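Colleague: Got a structure for you, coords37.pdb, holding PDB, C-alpha atoms, pLDDT in the B column.
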```pdb
ATOM      1  CA  MET A   1     -48.178  -0.394  66.913  1.00 30.00           C
ATOM      2  CA  ARG A   2     -46.864  -1.739  70.210  1.00 35.00           C
ATOM      3  CA  VAL A   3     -43.355  -0.863  71.353  1.00 39.00           C
ATOM      4  CA  ASN A   4     -41.880  -3.496  73.642  1.00 41.00           C
ATOM      5  CA  SER A   5     -39.003  -1.608  75.190  1.00 42.00           C
ATOM      6  CA  ILE A   6     -36.385   1.061  74.770  1.00 44.00           C
ATOM      7  CA  ASP A   7     -32.890  -0.023  73.714  1.00 42.00           C
ATOM      8  CA  LEU A   8     -29.518   1.124  75.069  1.00 45.00           C
ATOM      9  CA  ASN A   9     -29.642   4.239  72.853  1.00 47.00           C
ATOM     10  CA  ASN A  10     -33.181   5.230  73.965  1.00 48.00           C
ATOM     11  CA  LYS A  11     -34.693   4.050  70.664  1.00 45.00           C
ATOM     12  CA  PRO A  12     -37.810   1.878  70.430  1.00 45.00           C
ATOM     13  CA  SER A  13     -37.034  -1.833  70.381  1.00 47.00           C
ATOM     14  CA  PHE A  14     -39.311  -4.443  68.856  1.00 62.00           C
ATOM     15  CA  GLY A  15     -37.716  -7.413  70.519  1.00 80.00           C
ATOM     16  CA  LEU A  16     -35.032 -10.006  70.413  1.00 89.00           C
ATOM     17  CA  LYS A  17     -34.774 -12.115  67.274  1.00 93.00           C
ATOM     18  CA  ILE A  18     -34.986 -15.820  68.002  1.00 92.00           C
ATOM     19  CA  ASN A  19     -33.334 -17.840  65.268  1.00 92.00           C
ATOM     20  CA  GLY A  20     -35.799 -19.986  63.352  1.00 90.00           C
ATOM     21  CA  ARG A  21     -33.685 -23.038  64.068  1.00 92.00           C
ATOM     22  CA  VAL A  22     -34.435 -22.601  67.790  1.00 93.00           C
ATOM     23  CA  ALA A  23     -38.168 -22.875  67.179  1.00 91.00           C
ATOM     24  CA  THR A  24     -37.706 -25.832  64.828  1.00 93.00           C
ATOM     25  CA  GLU A  25     -35.493 -27.738  67.264  1.00 93.00           C
ATOM     26  CA  LEU A  26     -37.757 -27.048  70.239  1.00 94.00           C
ATOM     27  CA  CYS A  27     -40.964 -27.972  68.404  1.00 92.00           C
ATOM     28  CA  SER A  28     -39.345 -31.160  67.101  1.00 93.00           C
ATOM     29  CA  GLU A  29     -38.350 -32.066  70.642  1.00 93.00           C
ATOM     30  CA  ILE A  30     -41.785 -31.224  72.031  1.00 93.00           C
ATOM     31  CA  TYR A  31     -43.557 -33.458  69.541  1.00 92.00           C
ATOM     32  CA  GLY A  32     -40.824 -36.113  69.456  1.00 93.00           C
ATOM     33  CA  ARG A  33     -41.022 -36.540  73.234  1.00 93.00           C
ATOM     34  CA  LYS A  34     -44.845 -36.366  73.128  1.00 94.00           C
ATOM     35  CA  LEU A  35     -44.928 -33.200  75.223  1.00 92.00           C
ATOM     36  CA  ALA A  36     -47.563 -31.329  73.219  1.00 92.00           C
ATOM     37  CA  SER A  37     -49.070 -30.148  76.493  1.00 93.00           C
ATOM     38  CA  GLN A  38     -45.905 -28.021  76.914  1.00 90.00           C
ATOM     39  CA  MET A  39     -46.547 -26.065  73.699  1.00 93.00           C
ATOM     40  CA  PRO A  40     -48.526 -23.188  75.314  1.00 94.00           C
ATOM     41  CA  ALA A  41     -45.793 -22.750  77.950  1.00 94.00           C
ATOM     42  CA  TYR A  42     -43.130 -22.804  75.239  1.00 92.00           C
ATOM     43  CA  VAL A  43     -44.964 -20.126  73.210  1.00 92.00           C
ATOM     44  CA  LYS A  44     -45.520 -17.944  76.285  1.00 94.00           C
ATOM     45  CA  HIS A  45     -41.827 -18.214  77.216  1.00 95.00           C
ATOM     46  CA  PHE A  46     -40.846 -17.486  73.594  1.00 93.00           C
ATOM     47  CA  GLU A  47     -42.862 -14.248  73.647  1.00 92.00           C
ATOM     48  CA  LYS A  48     -41.514 -13.266  77.065  1.00 93.00           C
ATOM     49  CA  LEU A  49     -37.891 -13.726  75.927  1.00 94.00           C
ATOM     50  CA  LYS A  50     -38.518 -11.970  72.636  1.00 92.00           C
ATOM     51  CA  ALA A  51     -39.888  -8.911  74.431  1.00 91.00           C
ATOM     52  CA  SER A  52     -36.937  -8.769  76.837  1.00 91.00           C
ATOM     53  CA  GLY A  53     -34.125  -8.165  74.357  1.00 90.00           C
ATOM     54  CA  LEU A  54     -33.001  -5.576  71.864  1.00 91.00           C
ATOM     55  CA  ASP A  55     -34.213  -5.953  68.295  1.00 90.00           C
ATOM     56  CA  SER A  56     -30.587  -6.141  67.168  1.00 93.00           C
ATOM     57  CA  SER A  57     -29.904  -9.174  69.386  1.00 95.00           C
ATOM     58  CA  GLU A  58     -30.346 -12.756  68.280  1.00 96.00           C
ATOM     59  CA  LEU A  59     -30.697 -15.957  70.254  1.00 96.00           C
ATOM     60  CA  TYR A  60     -29.472 -19.081  68.496  1.00 95.00           C
ATOM     61  CA  ILE A  61     -28.288 -22.622  69.237  1.00 95.00           C
ATOM     62  CA  ALA A  62     -24.618 -23.581  68.966  1.00 94.00           C
ATOM     63  CA  LYS A  63     -24.271 -27.331  68.536  1.00 93.00           C
ATOM     64  CA  SER A  64     -21.396 -29.547  69.574  1.00 91.00           C
ATOM     65  CA  LEU A  65     -21.010 -33.308  69.790  1.00 90.00           C
ATOM     66  CA  LYS A  66     -21.628 -33.354  73.533  1.00 90.00           C
ATOM     67  CA  ASP A  67     -24.246 -30.657  74.078  1.00 93.00           C
ATOM     68  CA  ASP A  68     -26.063 -27.673  72.621  1.00 95.00           C
ATOM     69  CA  THR A  69     -25.838 -24.118  73.911  1.00 96.00           C
ATOM     70  CA  PHE A  70     -28.217 -21.198  73.639  1.00 97.00           C
ATOM     71  CA  VAL A  71     -26.088 -18.203  72.635  1.00 97.00           C
ATOM     72  CA  LEU A  72     -26.875 -14.498  72.383  1.00 97.00           C
ATOM     73  CA  LYS A  73     -25.195 -12.285  69.808  1.00 96.00           C
ATOM     74  CA  ASN A  74     -25.656  -8.656  68.903  1.00 95.00           C
ATOM     75  CA  HIS A  75     -23.516  -7.335  66.061  1.00 93.00           C
ATOM     76  CA  SER A  76     -24.674  -3.764  66.659  1.00 92.00           C
ATOM     77  CA  ILE A  77     -22.944  -3.970  70.061  1.00 92.00           C
ATOM     78  CA  THR A  78     -19.925  -6.071  69.063  1.00 92.00           C
ATOM     79  CA  THR A  79     -18.963  -8.477  66.318  1.00 91.00           C
ATOM     80  CA  ALA A  80     -16.140  -9.922  68.396  1.00 91.00           C
ATOM     81  CA  TYR A  81     -18.074 -11.487  71.262  1.00 93.00           C
ATOM     82  CA  GLU A  82     -21.137 -13.648  71.819  1.00 95.00           C
ATOM     83  CA  LYS A  83     -22.566 -14.688  75.185  1.00 96.00           C
ATOM     84  CA  PRO A  84     -23.420 -18.334  75.938  1.00 96.00           C
ATOM     85  CA  LEU A  85     -26.545 -18.501  78.098  1.00 96.00           C
ATOM     86  CA  VAL A  86     -27.503 -22.106  78.896  1.00 96.00           C
ATOM     87  CA  LYS A  87     -26.104 -25.509  77.927  1.00 96.00           C
ATOM     88  CA  ALA A  88     -28.435 -28.383  77.125  1.00 95.00           C
ATOM     89  CA  GLU A  89     -27.723 -32.083  77.055  1.00 92.00           C
ATOM     90  CA  LYS A  90     -28.649 -33.748  73.788  1.00 89.00           C
ATOM     91  CA  GLY A  91     -32.405 -34.320  73.770  1.00 88.00           C
ATOM     92  CA  LYS A  92     -32.992 -31.940  76.716  1.00 93.00           C
ATOM     93  CA  LEU A  93     -33.238 -28.665  74.838  1.00 94.00           C
ATOM     94  CA  LEU A  94     -36.680 -27.864  76.201  1.00 94.00           C
ATOM     95  CA  GLU A  95     -35.500 -27.984  79.818  1.00 95.00           C
ATOM     96  CA  ALA A  96     -32.640 -25.597  79.012  1.00 96.00           C
ATOM     97  CA  TRP A  97     -35.034 -23.309  77.136  1.00 96.00           C
ATOM     98  CA  PHE A  98     -37.127 -22.769  80.240  1.00 96.00           C
ATOM     99  CA  LYS A  99     -33.991 -21.949  82.270  1.00 97.00           C
ATOM    100  CA  ILE A 100     -33.379 -18.809  80.187  1.00 96.00           C
ATOM    101  CA  LYS A 101     -34.908 -15.834  81.972  1.00 96.00           C
ATOM    102  CA  PRO A 102     -35.648 -12.391  80.493  1.00 95.00           C
ATOM    103  CA  GLU A 103     -33.068 -10.929  82.884  1.00 96.00           C
ATOM    104  CA  ASP A 104     -30.448 -13.270  81.361  1.00 96.00           C
ATOM    105  CA  ILE A 105     -31.010 -11.653  77.957  1.00 96.00           C
ATOM    106  CA  LYS A 106     -30.638  -8.138  79.355  1.00 95.00           C
ATOM    107  CA  THR A 107     -27.574  -9.143  81.385  1.00 96.00           C
ATOM    108  CA  ALA A 108     -25.949 -10.782  78.344  1.00 96.00           C
ATOM    109  CA  GLU A 109     -26.503  -7.661  76.231  1.00 96.00           C
ATOM    110  CA  LYS A 110     -24.950  -5.529  78.970  1.00 96.00           C
ATOM    111  CA  MET A 111     -21.993  -7.912  79.245  1.00 96.00           C
ATOM    112  CA  LEU A 112     -21.373  -7.686  75.481  1.00 95.00           C
ATOM    113  CA  GLN A 113     -21.462  -3.908  75.670  1.00 94.00           C
ATOM    114  CA  ASP A 114     -19.153  -3.860  78.694  1.00 95.00           C
ATOM    115  CA  ALA A 115     -16.663  -6.280  77.101  1.00 94.00           C
ATOM    116  CA  ILE A 116     -16.056  -4.203  73.994  1.00 94.00           C
ATOM    117  CA  GLY A 117     -16.292  -0.914  75.911  1.00 94.00           C
ATOM    118  CA  GLU A 118     -13.616  -2.136  78.310  1.00 95.00           C
ATOM    119  CA  LYS A 119     -11.251  -2.850  75.399  1.00 94.00           C
ATOM    120  CA  ARG A 120     -11.911   0.540  73.792  1.00 94.00           C
ATOM    121  CA  ASN A 121     -11.379   2.405  77.067  1.00 95.00           C
ATOM    122  CA  GLY A 122      -8.300   0.308  77.819  1.00 94.00           C
ATOM    123  CA  LEU A 123      -6.750   1.258  74.503  1.00 92.00           C
ATOM    124  CA  ILE A 124      -7.390   4.938  75.175  1.00 92.00           C
ATOM    125  CA  GLU A 125      -5.750   4.587  78.615  1.00 93.00           C
ATOM    126  CA  MET A 126      -2.745   2.735  77.200  1.00 91.00           C
ATOM    127  CA  ALA A 127      -2.229   5.580  74.696  1.00 89.00           C
ATOM    128  CA  GLN A 128      -0.223   7.324  77.422  1.00 89.00           C
ATOM    129  CA  ASN A 129       2.581   5.065  76.246  1.00 87.00           C
ATOM    130  CA  PRO A 130       4.211   6.749  73.212  1.00 88.00           C
ATOM    131  CA  VAL A 131       4.510   3.491  71.239  1.00 86.00           C
ATOM    132  CA  VAL A 132       0.826   2.672  71.742  1.00 86.00           C
ATOM    133  CA  ARG A 133      -0.118   6.257  70.892  1.00 86.00           C
ATOM    134  CA  THR A 134       1.823   5.967  67.611  1.00 85.00           C
ATOM    135  CA  MET A 135       0.048   2.680  66.841  1.00 83.00           C
ATOM    136  CA  LEU A 136      -3.305   4.377  67.322  1.00 84.00           C
ATOM    137  CA  TYR A 137      -2.351   7.465  65.289  1.00 82.00           C
ATOM    138  CA  THR A 138      -1.268   5.352  62.342  1.00 79.00           C
ATOM    139  CA  LYS A 139      -4.263   3.003  62.489  1.00 76.00           C
ATOM    140  CA  ASN A 140      -6.798   5.589  61.251  1.00 75.00           C
ATOM    141  CA  ASN A 141      -4.680   8.638  60.371  1.00 79.00           C
ATOM    142  CA  GLU A 142      -6.381  10.369  63.259  1.00 78.00           C
ATOM    143  CA  LYS A 143      -4.650  12.633  65.787  1.00 81.00           C
ATOM    144  CA  ASP A 144      -7.455  12.358  68.339  1.00 86.00           C
ATOM    145  CA  ILE A 145      -6.943   9.070  70.211  1.00 87.00           C
ATOM    146  CA  ALA A 146     -10.603   8.671  71.236  1.00 88.00           C
ATOM    147  CA  LYS A 147     -11.810   9.251  67.665  1.00 87.00           C
ATOM    148  CA  SER A 148      -9.215   6.826  66.352  1.00 86.00           C
ATOM    149  CA  VAL A 149     -10.381   4.090  68.721  1.00 89.00           C
ATOM    150  CA  GLN A 150     -14.070   4.758  67.973  1.00 88.00           C
ATOM    151  CA  LYS A 151     -13.439   4.460  64.223  1.00 86.00           C
ATOM    152  CA  MET A 152     -11.949   0.979  64.620  1.00 88.00           C
ATOM    153  CA  ASP A 153     -13.976  -2.163  64.141  1.00 90.00           C
ATOM    154  CA  ASP A 154     -14.243  -4.527  67.101  1.00 91.00           C
ATOM    155  CA  ASP A 155     -11.661  -7.004  65.834  1.00 90.00           C
ATOM    156  CA  SER A 156      -9.090  -4.235  65.334  1.00 89.00           C
ATOM    157  CA  VAL A 157      -9.788  -2.876  68.821  1.00 91.00           C
ATOM    158  CA  ILE A 158      -9.228  -6.276  70.401  1.00 92.00           C
ATOM    159  CA  ASP A 159      -6.127  -7.002  68.323  1.00 92.00           C
ATOM    160  CA  LEU A 160      -4.553  -3.633  69.151  1.00 91.00           C
ATOM    161  CA  TYR A 161      -5.594  -3.913  72.795  1.00 92.00           C
ATOM    162  CA  TYR A 162      -3.672  -7.160  73.286  1.00 92.00           C
ATOM    163  CA  ARG A 163      -0.729  -5.992  71.165  1.00 91.00           C
ATOM    164  CA  ALA A 164      -0.551  -2.836  73.280  1.00 90.00           C
ATOM    165  CA  MET A 165      -0.724  -4.908  76.486  1.00 90.00           C
ATOM    166  CA  ASP A 166       2.232  -6.988  75.256  1.00 90.00           C
ATOM    167  CA  LEU A 167       4.205  -3.853  74.358  1.00 86.00           C
ATOM    168  CA  ILE A 168       3.610  -2.304  77.754  1.00 83.00           C
ATOM    169  CA  LYS A 169       4.731  -5.506  79.480  1.00 84.00           C
ATOM    170  CA  GLN A 170       7.954  -5.430  77.461  1.00 82.00           C
ATOM    171  CA  PHE A 171       8.724  -1.893  78.686  1.00 74.00           C
ATOM    172  CA  LYS A 172       8.261  -2.748  82.369  1.00 67.00           C
TER     173      LYS A 172
END
```
Take the structure in the file and give it back as structure tokens.

Modeller:
Amino acid sequence: MRVNSIDLNNKPSFGLKINGRVATELCSEIYGRKLASQMPAYVKHFEKLKASGLDSSELYIAKSLKDDTFVLKNHSITTAYEKPLVKAEKGKLLEAWFKIKPEDIKTAEKMLQDAIGEKRNGLIEMAQNPVVRTMLYTKNNEKDIAKSVQKMDDDSVIDLYYRAMDLIKQFK
């Protein structure tokens, strides 16, 4: 068995999941634009990107009327945020695909972790305010602020973070 990397928790990682729709869309574009000669480069890049991310991360395509975007999500890090990587004009998905670098995957995972960590730490800091502290105590029936915040799901953390920010602004 080959282990590609070690994840943020020092556990073996078997690689980023790439949504099946990504492969379908890219292969359709390759053959539709008669670029079959690009297939080996596409496969090599696919494997390189797959090896660069955590096995709990997923790369998928978000479609809009104007363009498509490659997006990274990792619900083991946070369910509240996803990180857009590269936008592609309609019919130019392959060009955008090759713009994604392995470092972009690692950076996006770090940014997701930092975003939710910042909100959790911010809530703990704001608990110096008695009203915020009471909000946190009542949220999980926990007297330890840090434990209370860690028990919360991501959406609750973000909701309470911004509610606490508004409360603190009102007291200034």

Colleague: With a distance cut-off of 12 Å and only C-alpha atoms, select the neighbouring residues of A:Leu160, excluding the residue or stretch itself and same-chain residues fewer than 2 positions from it, and output the selection as a PyMOL selection string.

Modeller: chain A and resi 119-120+122-124+126-127+131-139+148-149+152-158+162-168

Colleague: Under the rule of at most 12 Å, produce a per-residue listing of stretch 47-97 of chain A near stretch 24-33 of chain A: chain, number, name, the closest pair of atoms, and the distance in Å, as a Markdown table, using all atoms listed in the file.

Modeller:
```
| residue | atom | partner | partner_atom | distance |
| --- | --- | --- | --- | --- |
| A:Tyr60 | CA | A:Glu25 | CA | 10.6 |
| A:Ile61 | CA | A:Glu25 | CA | 9.1 |
| A:Ala62 | CA | A:Glu25 | CA | 11.8 |
| A:Lys63 | CA | A:Glu25 | CA | 11.3 |
| A:Asp68 | CA | A:Glu25 | CA | 10.8 |
| A:Phe70 | CA | A:Glu25 | CA | 11.7 |
| A:Ala88 | CA | A:Leu26 | CA | 11.7 |
| A:Lys90 | CA | A:Glu29 | CA | 10.3 |
| A:Gly91 | CA | A:Glu29 | CA | 7.1 |
| A:Lys92 | CA | A:Glu29 | CA | 8.1 |
| A:Leu93 | CA | A:Leu26 | CA | 6.6 |
| A:Leu94 | CA | A:Leu26 | CA | 6.1 |
| A:Glu95 | CA | A:Leu26 | CA | 9.9 |
| A:Ala96 | CA | A:Leu26 | CA | 10.3 |
| A:Trp97 | CA | A:Leu26 | CA | 8.3 |
```

Colleague: Which residues, protein or nucleic acid, reach to within 12 Å of (-15.9, -5.0, 75.7) in the file's coordinates when using all atoms listed in the file, and can you give that as an mmCIF file with C-alpha atoms, in the frame of the given file?

Modeller:
```cif
data_model
loop_
_atom_site.group_PDB
_atom_site.id
_atom_site.type_symbol
_atom_site.label_atom_id
_atom_site.label_comp_id
_atom_site.auth_asym_id
_atom_site.auth_seq_id
_atom_site.Cartn_x
_atom_site.Cartn_y
_atom_site.Cartn_z
ATOM 1 C CA ILE A 77 -22.944 -3.970 70.061
ATOM 2 C CA THR A 78 -19.925 -6.071 69.063
ATOM 3 C CA THR A 79 -18.963 -8.477 66.318
ATOM 4 C CA ALA A 80 -16.140 -9.922 68.396
ATOM 5 C CA TYR A 81 -18.074 -11.487 71.262
ATOM 6 C CA GLU A 82 -21.137 -13.648 71.819
ATOM 7 C CA LYS A 83 -22.566 -14.688 75.185
ATOM 8 C CA ALA A 108 -25.949 -10.782 78.344
ATOM 9 C CA GLU A 109 -26.503 -7.661 76.231
ATOM 10 C CA LYS A 110 -24.950 -5.529 78.970
ATOM 11 C CA MET A 111 -21.993 -7.912 79.245
ATOM 12 C CA LEU A 112 -21.373 -7.686 75.481
ATOM 13 C CA GLN A 113 -21.462 -3.908 75.670
ATOM 14 C CA ASP A 114 -19.153 -3.860 78.694
ATOM 15 C CA ALA A 115 -16.663 -6.280 77.101
ATOM 16 C CA ILE A 116 -16.056 -4.203 73.994
ATOM 17 C CA GLY A 117 -16.292 -0.914 75.911
ATOM 18 C CA GLU A 118 -13.616 -2.136 78.310
ATOM 19 C CA LYS A 119 -11.251 -2.850 75.399
ATOM 20 C CA ARG A 120 -11.911 0.540 73.792
ATOM 21 C CA ASN A 121 -11.379 2.405 77.067
ATOM 22 C CA GLY A 122 -8.300 0.308 77.819
ATOM 23 C CA LEU A 123 -6.750 1.258 74.503
ATOM 24 C CA ASP A 154 -14.243 -4.527 67.101
ATOM 25 C CA ASP A 155 -11.661 -7.004 65.834
ATOM 26 C CA VAL A 157 -9.788 -2.876 68.821
ATOM 27 C CA ILE A 158 -9.228 -6.276 70.401
ATOM 28 C CA TYR A 161 -5.594 -3.913 72.795
#
```

Colleague: Give me, as a list in words, all polymer residues having an atom no more than 10 Å from A:Lys48, counting all atoms listed in the file and skipping those fewer than 5 positions away in the same chain.

Modeller: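 Residues meeting the cut-off are Gly15, Leu16, Tyr42, Val43, Gly53, Lys101 and Pro102 of chain A.
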
Colleague: Of the candidates A:Lys50, A:His75, A:Lys66, A:Lys44, which shows the shortest atom-to-atom distance to A:Lys106, using only C-alpha atoms?

Modeller: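 Checking each of A:Lys50, A:His75, A:Lys66, A:Lys44 against A:Lys106, counting only C-alpha atoms, the winner is A:Lys50.
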
Colleague: With the file shown as input, list the residues that the PyMOL selection byres ((chain A and resi 85) around 8) selects, as a list in words.

Modeller: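 Here the PyMOL selection byres ((chain A and resi 85) around 8) matches Thr69, Phe70, Val71, Leu72, Lys83, Pro84, Val86, Lys87, Ile100, Asp104 and Ala108 of chain A.
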